[in-house]
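Everything below belongs to data-v8.cif, which stores mmCIF, C-alpha atoms and all ligand atoms.
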data_model
#
loop_
_atom_site.label_atom_id
_atom_site.label_comp_id
_atom_site.auth_asym_id
_atom_site.auth_seq_id
_atom_site.Cartn_x
_atom_site.Cartn_y
_atom_site.Cartn_z
CA MET X 206 -36.51 -19.04 -7.66
CA VAL X 207 -38.02 -22.51 -7.96
CA PRO X 208 -38.69 -23.02 -4.22
CA ARG X 209 -40.46 -19.64 -4.13
CA LEU X 210 -42.60 -20.47 -7.16
CA GLU X 211 -43.35 -23.87 -5.65
CA ALA X 212 -44.44 -22.27 -2.37
CA ALA X 213 -46.65 -19.82 -4.31
CA CYS X 214 -48.28 -22.74 -6.15
CA LYS X 215 -48.88 -24.62 -2.89
CA ALA X 216 -50.42 -21.52 -1.31
CA ARG X 217 -53.02 -21.51 -4.13
CA LYS X 218 -54.67 -24.81 -3.38
CA ASN X 219 -55.96 -25.62 -6.87
CA ILE X 220 -52.54 -25.96 -8.55
CA THR X 221 -51.17 -29.47 -8.98
CA ILE X 222 -47.44 -29.98 -9.42
CA MET X 223 -46.48 -33.28 -11.06
CA THR X 224 -42.80 -34.20 -10.78
CA GLU X 225 -41.14 -37.05 -12.68
CA THR X 226 -43.68 -36.39 -15.41
CA MET X 227 -42.49 -35.93 -18.96
CA ALA X 228 -44.64 -34.22 -21.58
CA LYS X 229 -44.62 -36.26 -24.77
CA ALA X 230 -47.07 -34.51 -27.07
CA ILE X 231 -49.31 -31.45 -27.28
CA LEU X 232 -52.90 -32.47 -27.97
CA THR X 233 -55.20 -30.61 -30.36
CA ASP X 234 -58.92 -30.97 -31.10
CA ASP X 235 -60.46 -31.34 -34.57
CA LYS X 236 -60.40 -27.53 -35.04
CA GLY X 237 -56.65 -27.35 -34.31
CA ASN X 238 -57.11 -25.80 -30.86
CA VAL X 239 -54.66 -26.97 -28.23
CA CYS X 240 -56.60 -28.99 -25.67
CA GLY X 241 -54.01 -30.62 -23.44
CA VAL X 242 -50.85 -32.62 -23.13
CA GLU X 243 -49.99 -36.28 -23.26
CA ALA X 244 -47.38 -37.18 -20.68
CA GLU X 245 -45.64 -40.09 -19.06
CA SER X 246 -45.67 -40.09 -15.28
CA LYS X 247 -43.72 -42.72 -13.36
CA GLY X 248 -44.15 -45.29 -16.12
CA SER X 249 -47.82 -44.54 -16.90
CA LYS X 250 -49.37 -42.57 -19.74
CA VAL X 251 -51.33 -39.53 -18.53
CA ILE X 252 -53.65 -37.26 -20.50
CA LEU X 253 -53.92 -33.75 -19.07
CA LYS X 254 -56.83 -31.80 -20.52
CA ALA X 255 -56.41 -28.02 -20.66
CA LYS X 256 -57.96 -24.95 -22.27
CA ALA X 257 -54.45 -23.56 -22.77
CA VAL X 258 -50.90 -24.87 -22.55
CA ILE X 259 -47.77 -22.85 -21.73
CA LEU X 260 -44.46 -24.36 -22.79
CA ALA X 261 -41.64 -23.51 -20.39
CA THR X 262 -39.40 -26.47 -21.18
CA GLY X 263 -36.15 -24.54 -21.68
CA GLY X 264 -33.61 -24.72 -24.49
CA PHE X 265 -31.70 -27.59 -26.09
CA GLY X 266 -28.15 -26.91 -24.92
CA ALA X 267 -27.88 -30.39 -23.36
CA ASN X 268 -29.08 -32.14 -26.53
CA LEU X 269 -25.65 -32.43 -28.09
CA LYS X 270 -27.00 -34.35 -31.09
CA MET X 271 -29.49 -31.59 -31.92
CA VAL X 272 -26.79 -28.94 -31.39
CA ALA X 273 -24.34 -30.70 -33.74
CA GLU X 274 -27.04 -31.23 -36.39
CA LEU X 275 -27.86 -27.54 -36.38
CA GLU X 276 -24.28 -26.28 -36.01
CA PRO X 277 -21.72 -28.96 -36.98
CA SER X 278 -18.81 -26.80 -35.75
CA LEU X 279 -20.05 -27.43 -32.18
CA ASN X 280 -19.83 -31.21 -32.44
CA GLY X 281 -18.05 -32.61 -29.36
CA PHE X 282 -18.37 -29.49 -27.18
CA MET X 283 -19.23 -29.78 -23.49
CA THR X 284 -22.39 -28.21 -22.10
CA THR X 285 -23.06 -26.21 -18.95
CA ASN X 286 -26.78 -27.04 -19.14
CA ALA X 287 -28.84 -29.29 -16.90
CA PRO X 288 -29.74 -32.66 -18.50
CA GLY X 289 -33.37 -31.57 -19.02
CA ALA X 290 -32.42 -28.96 -21.63
CA THR X 291 -33.24 -31.28 -24.51
CA GLY X 292 -35.46 -29.11 -26.72
CA GLU X 293 -38.53 -31.35 -26.45
CA GLY X 294 -40.89 -28.39 -26.13
CA ILE X 295 -39.63 -27.15 -29.48
CA THR X 296 -40.08 -30.45 -31.30
CA MET X 297 -43.49 -31.13 -29.70
CA ALA X 298 -44.75 -27.71 -30.84
CA GLN X 299 -43.27 -28.14 -34.32
CA LYS X 300 -45.34 -31.33 -34.67
CA ILE X 301 -48.52 -29.24 -34.37
CA GLY X 302 -47.33 -26.58 -36.81
CA ALA X 303 -45.26 -24.13 -34.73
CA ALA X 304 -42.57 -22.12 -36.48
CA VAL X 305 -39.04 -21.77 -35.14
CA VAL X 306 -36.58 -18.93 -35.40
CA ASP X 307 -32.76 -18.52 -35.06
CA MET X 308 -32.18 -22.22 -34.42
CA LYS X 309 -28.52 -22.03 -35.43
CA GLU X 310 -27.80 -19.31 -32.85
CA ILE X 311 -26.16 -21.42 -30.15
CA GLN X 312 -24.03 -19.64 -27.60
CA ILE X 313 -20.74 -20.93 -26.29
CA HIS X 314 -19.42 -19.54 -23.01
CA PRO X 315 -15.65 -19.05 -22.65
CA THR X 316 -15.17 -20.02 -19.01
CA VAL X 317 -16.34 -23.57 -18.51
CA GLN X 318 -14.20 -25.62 -16.13
CA PHE X 319 -12.20 -28.02 -18.29
CA ASP X 320 -12.76 -31.29 -16.41
CA THR X 321 -16.28 -30.91 -15.02
CA SER X 322 -18.10 -28.59 -17.49
CA ALA X 323 -19.11 -26.41 -14.52
CA LEU X 324 -19.76 -22.81 -15.46
CA ILE X 325 -17.23 -20.36 -14.04
CA THR X 326 -19.12 -17.13 -13.76
CA GLU X 327 -18.44 -14.16 -16.02
CA GLY X 328 -18.36 -12.08 -12.84
CA LEU X 329 -14.76 -13.15 -12.24
CA ARG X 330 -13.55 -11.47 -15.42
CA GLY X 331 -15.80 -8.50 -14.69
CA ASP X 332 -14.20 -8.24 -11.24
CA GLY X 333 -10.66 -8.24 -12.63
CA ALA X 334 -9.58 -11.78 -13.59
CA ILE X 335 -7.53 -12.27 -16.73
CA LEU X 336 -7.07 -15.16 -19.16
CA VAL X 337 -3.66 -16.49 -20.16
CA ASN X 338 -2.76 -19.23 -22.61
CA THR X 339 -0.35 -22.14 -22.20
CA GLU X 340 2.48 -19.80 -23.16
CA GLY X 341 1.68 -17.64 -20.12
CA LYS X 342 0.40 -14.75 -22.25
CA ARG X 343 -2.86 -12.83 -22.40
CA PHE X 344 -4.56 -13.09 -25.79
CA ILE X 345 -7.79 -11.01 -25.72
CA ASP X 346 -9.74 -8.28 -23.92
CA GLU X 347 -11.29 -10.71 -21.42
CA VAL X 348 -14.60 -8.86 -21.10
CA LEU X 349 -15.61 -8.86 -24.76
CA ALA X 350 -18.78 -10.77 -25.74
CA ARG X 351 -18.94 -14.50 -25.00
CA ASP X 352 -18.64 -15.59 -28.63
CA VAL X 353 -15.61 -13.36 -29.27
CA VAL X 354 -13.69 -14.52 -26.18
CA SER X 355 -14.65 -18.15 -26.89
CA LYS X 356 -13.31 -17.92 -30.44
CA ALA X 357 -10.05 -16.42 -29.22
CA GLU X 358 -9.72 -19.24 -26.69
CA ILE X 359 -10.36 -21.90 -29.34
CA ASP X 360 -7.54 -20.34 -31.39
CA GLN X 361 -5.01 -20.79 -28.53
CA PRO X 362 -2.75 -23.87 -28.28
CA ASN X 363 -4.93 -26.83 -27.18
CA SER X 364 -8.00 -24.54 -27.14
CA PHE X 365 -8.03 -23.78 -23.44
CA ALA X 366 -6.93 -20.98 -21.13
CA TRP X 367 -6.16 -20.26 -17.48
CA LEU X 368 -8.40 -17.85 -15.64
CA VAL X 369 -6.18 -16.07 -13.12
CA ILE X 370 -7.28 -14.39 -9.88
CA ASP X 371 -5.58 -13.26 -6.70
CA ASN X 372 -6.38 -13.66 -3.03
CA LYS X 373 -8.01 -10.23 -2.78
CA MET X 374 -10.65 -11.42 -5.26
CA ALA X 375 -10.98 -14.79 -3.51
CA ASP X 376 -11.43 -13.16 -0.11
CA ALA X 377 -14.21 -10.95 -1.42
CA SER X 378 -16.20 -13.71 -3.14
CA SER X 379 -18.11 -16.67 -1.75
CA VAL X 380 -18.42 -17.92 -5.33
CA ILE X 381 -14.62 -18.14 -5.70
CA LYS X 382 -14.35 -19.79 -2.29
CA GLY X 383 -16.79 -22.40 -3.64
CA TYR X 384 -14.56 -23.00 -6.67
CA ILE X 385 -11.57 -23.46 -4.35
CA THR X 386 -13.51 -25.95 -2.19
CA LYS X 387 -14.64 -27.87 -5.26
CA GLY X 388 -11.01 -28.28 -6.32
CA TYR X 389 -11.21 -26.23 -9.53
CA THR X 390 -8.24 -24.01 -8.60
CA PHE X 391 -4.46 -24.37 -8.81
CA LYS X 392 -2.56 -22.21 -6.33
CA GLY X 393 0.84 -20.53 -5.97
CA ASP X 394 2.30 -18.14 -3.42
CA THR X 395 4.14 -16.31 -6.19
CA TYR X 396 3.45 -15.90 -9.92
CA GLU X 397 6.34 -18.28 -10.56
CA GLU X 398 4.91 -20.94 -8.22
CA LEU X 399 1.49 -20.72 -9.83
CA ALA X 400 3.10 -21.01 -13.27
CA LYS X 401 4.90 -24.13 -12.09
CA ALA X 402 1.65 -25.60 -10.75
CA ILE X 403 -0.08 -25.17 -14.11
CA ASN X 404 2.95 -25.98 -16.21
CA ILE X 405 3.40 -22.72 -18.10
CA PRO X 406 6.63 -20.68 -18.51
CA ALA X 407 7.20 -18.91 -15.18
CA ASP X 408 9.20 -15.96 -16.51
CA VAL X 409 6.67 -15.15 -19.25
CA PHE X 410 3.73 -15.51 -16.87
CA ALA X 411 5.32 -13.29 -14.19
CA LYS X 412 5.97 -10.63 -16.83
CA THR X 413 2.36 -10.93 -18.10
CA MET X 414 1.07 -10.37 -14.56
CA GLN X 415 3.35 -7.38 -13.92
CA THR X 416 2.38 -5.83 -17.25
CA TRP X 417 -1.33 -6.37 -16.50
CA ASN X 418 -1.00 -4.80 -13.05
CA GLY X 419 0.61 -1.79 -14.77
CA HIS X 420 -2.36 -1.58 -17.18
CA VAL X 421 -4.73 -1.62 -14.20
CA LYS X 422 -2.78 1.19 -12.51
CA ASP X 423 -2.76 3.26 -15.73
CA LYS X 424 -6.41 2.31 -16.54
CA LYS X 425 -5.18 1.58 -20.05
CA ASP X 426 -4.65 -1.84 -21.65
CA ALA X 427 -2.00 -1.15 -24.28
CA ASP X 428 -2.10 -4.81 -25.43
CA PHE X 429 -5.77 -5.62 -26.04
CA GLY X 430 -7.70 -2.42 -25.36
CA ARG X 431 -9.64 -3.66 -22.33
CA THR X 432 -11.43 -0.73 -20.74
CA SER X 433 -12.82 -2.27 -17.55
CA PHE X 434 -10.42 -2.50 -14.63
CA ALA X 435 -10.78 -3.56 -11.01
CA ASN X 436 -7.83 -4.09 -8.65
CA PRO X 437 -4.37 -5.25 -9.72
CA LEU X 438 -3.87 -9.01 -9.31
CA ASP X 439 -1.05 -8.54 -6.83
CA THR X 440 -2.13 -10.22 -3.58
CA ALA X 441 -0.80 -13.72 -2.91
CA PRO X 442 -1.73 -16.49 -3.06
CA PHE X 443 -2.67 -16.54 -6.73
CA TYR X 444 -5.15 -18.98 -8.26
CA ALA X 445 -5.81 -20.32 -11.77
CA ILE X 446 -8.78 -22.26 -13.16
CA LYS X 447 -8.48 -24.24 -16.39
CA VAL X 448 -11.28 -23.12 -18.70
CA THR X 449 -12.49 -23.86 -22.20
CA PRO X 450 -15.59 -22.89 -24.20
CA GLY X 451 -18.79 -24.92 -23.71
CA ILE X 452 -22.35 -24.77 -25.02
CA HIS X 453 -24.31 -22.49 -22.74
CA HIS X 454 -27.48 -21.03 -24.26
CA THR X 455 -29.69 -21.67 -27.26
CA MET X 456 -31.06 -18.39 -28.55
CA GLY X 457 -33.24 -20.13 -31.14
CA GLY X 458 -36.62 -21.70 -30.46
CA LEU X 459 -40.34 -21.27 -30.98
CA LYS X 460 -41.60 -18.18 -32.74
CA ILE X 461 -43.89 -16.12 -30.51
CA ASP X 462 -45.52 -12.69 -30.65
CA ALA X 463 -45.35 -10.03 -27.95
CA GLY X 464 -48.23 -11.79 -26.14
CA ALA X 465 -46.22 -15.07 -25.96
CA HIS X 466 -48.64 -16.80 -28.38
CA VAL X 467 -46.84 -19.51 -30.34
CA LEU X 468 -47.02 -18.75 -34.07
CA LYS X 469 -47.18 -20.81 -37.24
CA ALA X 470 -44.87 -20.01 -40.18
CA ASN X 471 -47.64 -17.87 -41.76
CA GLY X 472 -47.83 -15.74 -38.59
CA GLU X 473 -51.13 -17.20 -37.35
CA LYS X 474 -51.43 -18.00 -33.65
CA ILE X 475 -51.79 -21.65 -32.64
CA PRO X 476 -54.97 -21.31 -30.54
CA GLY X 477 -54.28 -22.14 -26.90
CA LEU X 478 -50.49 -22.52 -27.13
CA PHE X 479 -48.12 -20.13 -25.33
CA ALA X 480 -44.40 -20.27 -24.62
CA ALA X 481 -41.85 -18.46 -22.49
CA GLY X 482 -38.18 -18.71 -21.58
CA GLU X 483 -35.40 -20.49 -23.40
CA VAL X 484 -37.85 -22.63 -25.41
CA VAL X 485 -38.58 -19.41 -27.33
CA GLY X 486 -36.40 -18.02 -30.12
CA GLY X 487 -35.80 -14.51 -31.36
CA VAL X 488 -35.72 -12.67 -28.03
CA HIS X 489 -31.93 -12.32 -27.75
CA GLY X 490 -30.81 -12.16 -31.39
CA GLY X 491 -27.56 -14.02 -31.98
CA ASN X 492 -25.86 -13.53 -28.63
CA ARG X 493 -27.62 -13.52 -25.25
CA LEU X 494 -26.06 -11.14 -22.74
CA GLY X 495 -25.33 -12.33 -19.21
CA GLY X 496 -28.35 -11.94 -16.91
CA ASN X 497 -30.86 -11.48 -19.70
CA ALA X 498 -32.19 -15.05 -19.66
CA VAL X 499 -33.65 -14.43 -16.21
CA ALA X 500 -35.21 -11.19 -17.45
CA ASP X 501 -36.57 -13.14 -20.44
CA PHE X 502 -38.25 -15.97 -18.56
CA VAL X 503 -39.61 -13.72 -15.81
CA VAL X 504 -41.07 -11.13 -18.21
CA TYR X 505 -42.37 -13.55 -20.83
CA GLY X 506 -43.44 -16.09 -18.21
CA ARG X 507 -45.72 -13.47 -16.73
CA ILE X 508 -46.97 -12.36 -20.15
CA ALA X 509 -47.62 -15.99 -21.16
CA GLY X 510 -49.58 -16.55 -17.95
CA LYS X 511 -51.72 -13.48 -18.53
CA SER X 512 -52.32 -14.33 -22.19
CA ALA X 513 -53.21 -17.93 -21.39
CA SER X 514 -55.62 -16.91 -18.65
CA GLU X 515 -57.29 -14.34 -20.94
CA PHE X 516 -57.54 -17.00 -23.66
C1 LIG H 1 -24.86 -22.91 -15.43
C2 LIG H 1 -25.80 -21.84 -15.93
C3 LIG H 1 -25.76 -20.58 -15.37
C4 LIG H 1 -26.62 -19.58 -15.83
N1 LIG H 1 -26.56 -18.35 -15.26
C5 LIG H 1 -27.40 -17.40 -15.68
C6 LIG H 1 -27.38 -16.11 -15.10
O1 LIG H 1 -26.59 -15.84 -14.19
N2 LIG H 1 -28.26 -15.18 -15.56
C7 LIG H 1 -29.15 -15.45 -16.56
O2 LIG H 1 -29.91 -14.57 -16.94
N3 LIG H 1 -29.19 -16.67 -17.12
C8 LIG H 1 -28.35 -17.66 -16.72
N4 LIG H 1 -28.40 -18.88 -17.32
C9 LIG H 1 -29.44 -19.17 -18.33
C10 LIG H 1 -30.78 -19.47 -17.65
O3 LIG H 1 -30.56 -20.22 -16.47
C11 LIG H 1 -31.70 -20.25 -18.57
O4 LIG H 1 -31.84 -19.58 -19.80
C12 LIG H 1 -33.05 -20.38 -17.88
O5 LIG H 1 -32.96 -21.23 -16.75
C13 LIG H 1 -34.12 -20.91 -18.81
O6 LIG H 1 -35.30 -20.93 -18.05
P1 LIG H 1 -36.54 -21.73 -18.54
O7 LIG H 1 -37.53 -21.65 -17.42
O8 LIG H 1 -36.93 -21.30 -19.89
O9 LIG H 1 -36.05 -23.24 -18.69
P2 LIG H 1 -35.29 -24.20 -17.64
O10 LIG H 1 -34.82 -23.46 -16.43
O11 LIG H 1 -34.28 -24.95 -18.46
O12 LIG H 1 -36.44 -25.16 -17.18
C14 LIG H 1 -37.08 -26.01 -18.09
C15 LIG H 1 -37.57 -27.23 -17.33
O13 LIG H 1 -38.42 -28.00 -18.18
C16 LIG H 1 -38.06 -29.36 -18.03
N5 LIG H 1 -38.46 -30.10 -19.25
C17 LIG H 1 -37.87 -30.11 -20.47
N6 LIG H 1 -38.56 -30.92 -21.32
C18 LIG H 1 -39.62 -31.40 -20.62
C19 LIG H 1 -40.69 -32.30 -20.94
N7 LIG H 1 -40.80 -32.86 -22.15
N8 LIG H 1 -41.59 -32.60 -19.98
C20 LIG H 1 -41.47 -32.07 -18.72
N9 LIG H 1 -40.48 -31.20 -18.36
C21 LIG H 1 -39.57 -30.89 -19.31
C22 LIG H 1 -36.57 -29.34 -17.81
O14 LIG H 1 -36.13 -30.53 -17.20
C23 LIG H 1 -36.43 -28.14 -16.90
O15 LIG H 1 -36.63 -28.48 -15.55
C24 LIG H 1 -27.54 -19.88 -16.88
C25 LIG H 1 -27.58 -21.15 -17.44
C26 LIG H 1 -26.72 -22.14 -16.97
C27 LIG H 1 -26.79 -23.49 -17.61
#
Encoded form using structure tokens:
Amino acid sequence: MVPRLEAACKARKNITIMTETMAKAILTDDKGNVCGVEAESKGSKVILKAKAVILATGGFGANLKMVAELEPSLNGFMTTNAPGATGEGITMAQKIGAAVVDMKEIQIHPTVQFDTSALITEGLRGDGAILVNTEGKRFIDEVLARDVVSKAEIDQPNSFAWLVIDNKMADASSVIKGYITKGYTFKGDTYEELAKAINIPADVFAKTMQTWNGHVKDKKDADFGRTSFANPLDTAPFYAIKVTPGIHHTMGGLKIDAGAHVLKANGEKIPGLFAAGEVVGGVHGGNRLGGNAVADFVVYGRIAGKSASEF
């Protein structure tokens, strides 16, 4: 999306893009109207004057200190987020009176690759992958909400799981092929060989796989009540990825109204300040659903742009 937005900005000749430029403060005039931003660009202080400012600085999922302060139970977790997700837009706006909402609602995602913190997409479970623990057993309906599956994973021995797929899934997915190339997968030509490769009991694991394939055939998961089935995982070779929960999305952030105006605690608009995307709180409640962050920043980004231009 970014290259397309960049091209659209370049096509409109009066838009300046400043990279390696970090916003440090939102400036206000003596009436409290937002009138620009103070930034640091390649070692120099820059003042950018503006009639309106839109914050689109993302969430704070990579600010592990802020995460742990707000939710101590997440201290020490990995993050899937890019290093820029530090929450500065939130703190800058708070300094000029913005209210925040749902700050403790921090989402952990259950399939984060154990050694690299790379996100392993939910699509794999949706397309039929299962999770097994170090005992070689399933422990949850794999397609429940992210927080529920994450909690179940934390409760397993050593708080990690193996995400298991077969070659039929791998053949059909360029994403899985990418995981194989990146070295995230362990492989076995039989269930027993895969179990050996990941050091779990082969007999238990083989039985788990056969039972699961039976559930898929019957379209009924007698163990955990999963109701979404794809193909049985019966085509060799078989693959497993070591996964554990990691911080993924921060649902909390700046309080806005439906026009993307940033609000004070008393509900008043901060004149000239708008926000959209993960910097905003309250859009997703306590648990963002997969795919909805894109919907959020596209819809509210457009609304914020319109509101700012009208302002
Ligand atoms: C691995 C991963 C996969 C995901 N997959 C999906 C998915 O499939 N579907 C979905 O809907 N959502 C997904 N999400 C969530 C979604 O990507 C984010 O919620 C979304 O990118 C947030 O968009 P944004 O524009 O608000 O902020 P961001 O995309 O985070 O962009 C904010 C930008 O602002 C910059 N910035 C921050 N502070 C400052 C400052 N002080 N000065 C200047 N710049 C600053 C940051 O460096 C960053 O470039 C995923 C997230 C991750 C981490």
Expected answer as an MDAnalysis selection string: residues within 7 Å of ligand LIG 1 (chain H), all atoms listed in the file: chainID X and resid 226:229 261:264 285:294 323:324 453:454 481:484 495:500 502
Those same residues, written as an mmCIF file, in the frame of the given file with C-alpha atoms?
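Writing done, so here's out15.cif:
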data_model
loop_
_atom_site.group_PDB
_atom_site.id
_atom_site.type_symbol
_atom_site.label_atom_id
_atom_site.label_comp_id
_atom_site.auth_asym_id
_atom_site.auth_seq_id
_atom_site.Cartn_x
_atom_site.Cartn_y
_atom_site.Cartn_z
ATOM 1 C CA THR X 226 -43.680 -36.390 -15.410
ATOM 2 C CA MET X 227 -42.490 -35.930 -18.960
ATOM 3 C CA ALA X 228 -44.640 -34.220 -21.580
ATOM 4 C CA LYS X 229 -44.620 -36.260 -24.770
ATOM 5 C CA ALA X 261 -41.640 -23.510 -20.390
ATOM 6 C CA THR X 262 -39.400 -26.470 -21.180
ATOM 7 C CA GLY X 263 -36.150 -24.540 -21.680
ATOM 8 C CA GLY X 264 -33.610 -24.720 -24.490
ATOM 9 C CA THR X 285 -23.060 -26.210 -18.950
ATOM 10 C CA ASN X 286 -26.780 -27.040 -19.140
ATOM 11 C CA ALA X 287 -28.840 -29.290 -16.900
ATOM 12 C CA PRO X 288 -29.740 -32.660 -18.500
ATOM 13 C CA GLY X 289 -33.370 -31.570 -19.020
ATOM 14 C CA ALA X 290 -32.420 -28.960 -21.630
ATOM 15 C CA THR X 291 -33.240 -31.280 -24.510
ATOM 16 C CA GLY X 292 -35.460 -29.110 -26.720
ATOM 17 C CA GLU X 293 -38.530 -31.350 -26.450
ATOM 18 C CA GLY X 294 -40.890 -28.390 -26.130
ATOM 19 C CA ALA X 323 -19.110 -26.410 -14.520
ATOM 20 C CA LEU X 324 -19.760 -22.810 -15.460
ATOM 21 C CA HIS X 453 -24.310 -22.490 -22.740
ATOM 22 C CA HIS X 454 -27.480 -21.030 -24.260
ATOM 23 C CA ALA X 481 -41.850 -18.460 -22.490
ATOM 24 C CA GLY X 482 -38.180 -18.710 -21.580
ATOM 25 C CA GLU X 483 -35.400 -20.490 -23.400
ATOM 26 C CA VAL X 484 -37.850 -22.630 -25.410
ATOM 27 C CA GLY X 495 -25.330 -12.330 -19.210
ATOM 28 C CA GLY X 496 -28.350 -11.940 -16.910
ATOM 29 C CA ASN X 497 -30.860 -11.480 -19.700
ATOM 30 C CA ALA X 498 -32.190 -15.050 -19.660
ATOM 31 C CA VAL X 499 -33.650 -14.430 -16.210
ATOM 32 C CA ALA X 500 -35.210 -11.190 -17.450
ATOM 33 C CA PHE X 502 -38.250 -15.970 -18.560
#
Which of X:Thr455, X:Ser514, X:Asn404, X:Thr221 sits closest to Ile295 of chain X [using only C-alpha atoms]: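 The closest residue to Ile295 of chain X is X:Thr455.
Using all atoms listed in the file, the nearest neighbour of Ile231 of chain X within the list X:Gln299, X:Ser364, X:Asn280, X:Asn436 is X:Gln299.
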Residue nearest Phe479 of chain X - candidates X:Glu515, X:Lys309, X:Ser278, X:Met456, atoms counted: all atoms listed in the file: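 Answer, going by the shortest atom-to-atom distance: X:Glu515.
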Residue with smallest distance to Asp408 of chain X - pool X:Gly341, X:Met206, X:Asp426, X:Ala357, counting only C-alpha atoms: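 Looking at the shortest contact to Asp408 of chain X, the residue is X:Gly341.
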Contact residues around segment 250-257 of chain X with only C-alpha atoms at 10 Å, ignoring same-chain residues under 2 positions, as a PyMOL selection string: chain X and resi 226-232+238-248+259+476-479+510+512-516
From X:Glu327, X:Glu274, X:Asp428, X:Asp360, residue lying nearest Val348 of chain X [only C-alpha atoms]: X:Glu327
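Here atom CA of Met414 of chain X stands at a distance of 24.7 Å from atom CA of Thr386 of chain X.
Computed from the coordinates, the atom CA of Ile385 of chain X to atom CA of Pro208 of chain X distance equals 27.1 Å.
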